[in-house]
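**Q** Input: one structure, supplied below.
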Amino acid sequence: MNFSYFKKSWIRYYKRGFLSGLLIMSFILVVDQFLTNPLFFSKITSLDIFFFILSTIFFGSVFCGILSLFFLFVVMIVTKEDN
């Protein structure tokens with residue numbers, strides 16, 4: 001197990017996962033608003049729906065960040081510590 005790798009780069013992995021999730025879900029939201037029948041998000045017709053979609057995107061991005069930390073943990077288990 002390579003604990004030093006986790007200590008050095010966990011913030012970078014979390015930021016990368018969070019920002020990737022934020023960008024991808026925002027792109028899906030923009031594409032969905034142009035479709036007549038949205039696939040993932042509903043049409044923004046009121047402020048309540050807009051805030052619900054924003055919170056969904058934010059919590060999804062947090063989940064993507066946590067998921068990237070899980071993958072970092074797997075990498076940490078697989079790699080050996082350099083001596």
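All residue names refer to the structure tokens as shown: chains lettered A, B, ... in order, residues numbered from 1 in each chain, ligands numbered from 1 in order.
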Within 12 Å of A:Leu19, counting only C-alpha atoms, which residues show up once you throw out same-chain ones fewer than 4 positions away? Write them as an MDAnalysis selection string, please.
**A** chainID A and resid 12:15 23:26 57:66 68
**Q** Tell me which protein, DNA and RNA residues are within 10 Å of A:Tyr5, counting only C-alpha atoms, leaving out same-chain ones fewer than 2 positions away, and put them as a ChimeraX atom specification.
**A** /A:1-3,7-10,72-73,75-76,79-81
**Q** Which of these residues is nearest to A:Arg16, using only C-alpha atoms: A:Ile77, A:Ser46, A:Leu39, A:Leu67?
**A**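 The closest residue to A:Arg16 is A:Leu67.
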**Q** For the helix (DSSP H, G or I) assignment from backbone DSSP, which residues of chain A qualify? Please present them as number ranges by chain.
**A** A: 3-34, 47-78
**Q** Out of A:Phe40, A:Phe18, A:Ser4, A:Ile11, which residue has the shortest atom-to-atom distance to A:Ile53 when counting only C-alpha atoms?
**A**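 Between A:Phe40, A:Phe18, A:Ser4, A:Ile11, the residue approaching A:Ile53 most closely is A:Phe40.
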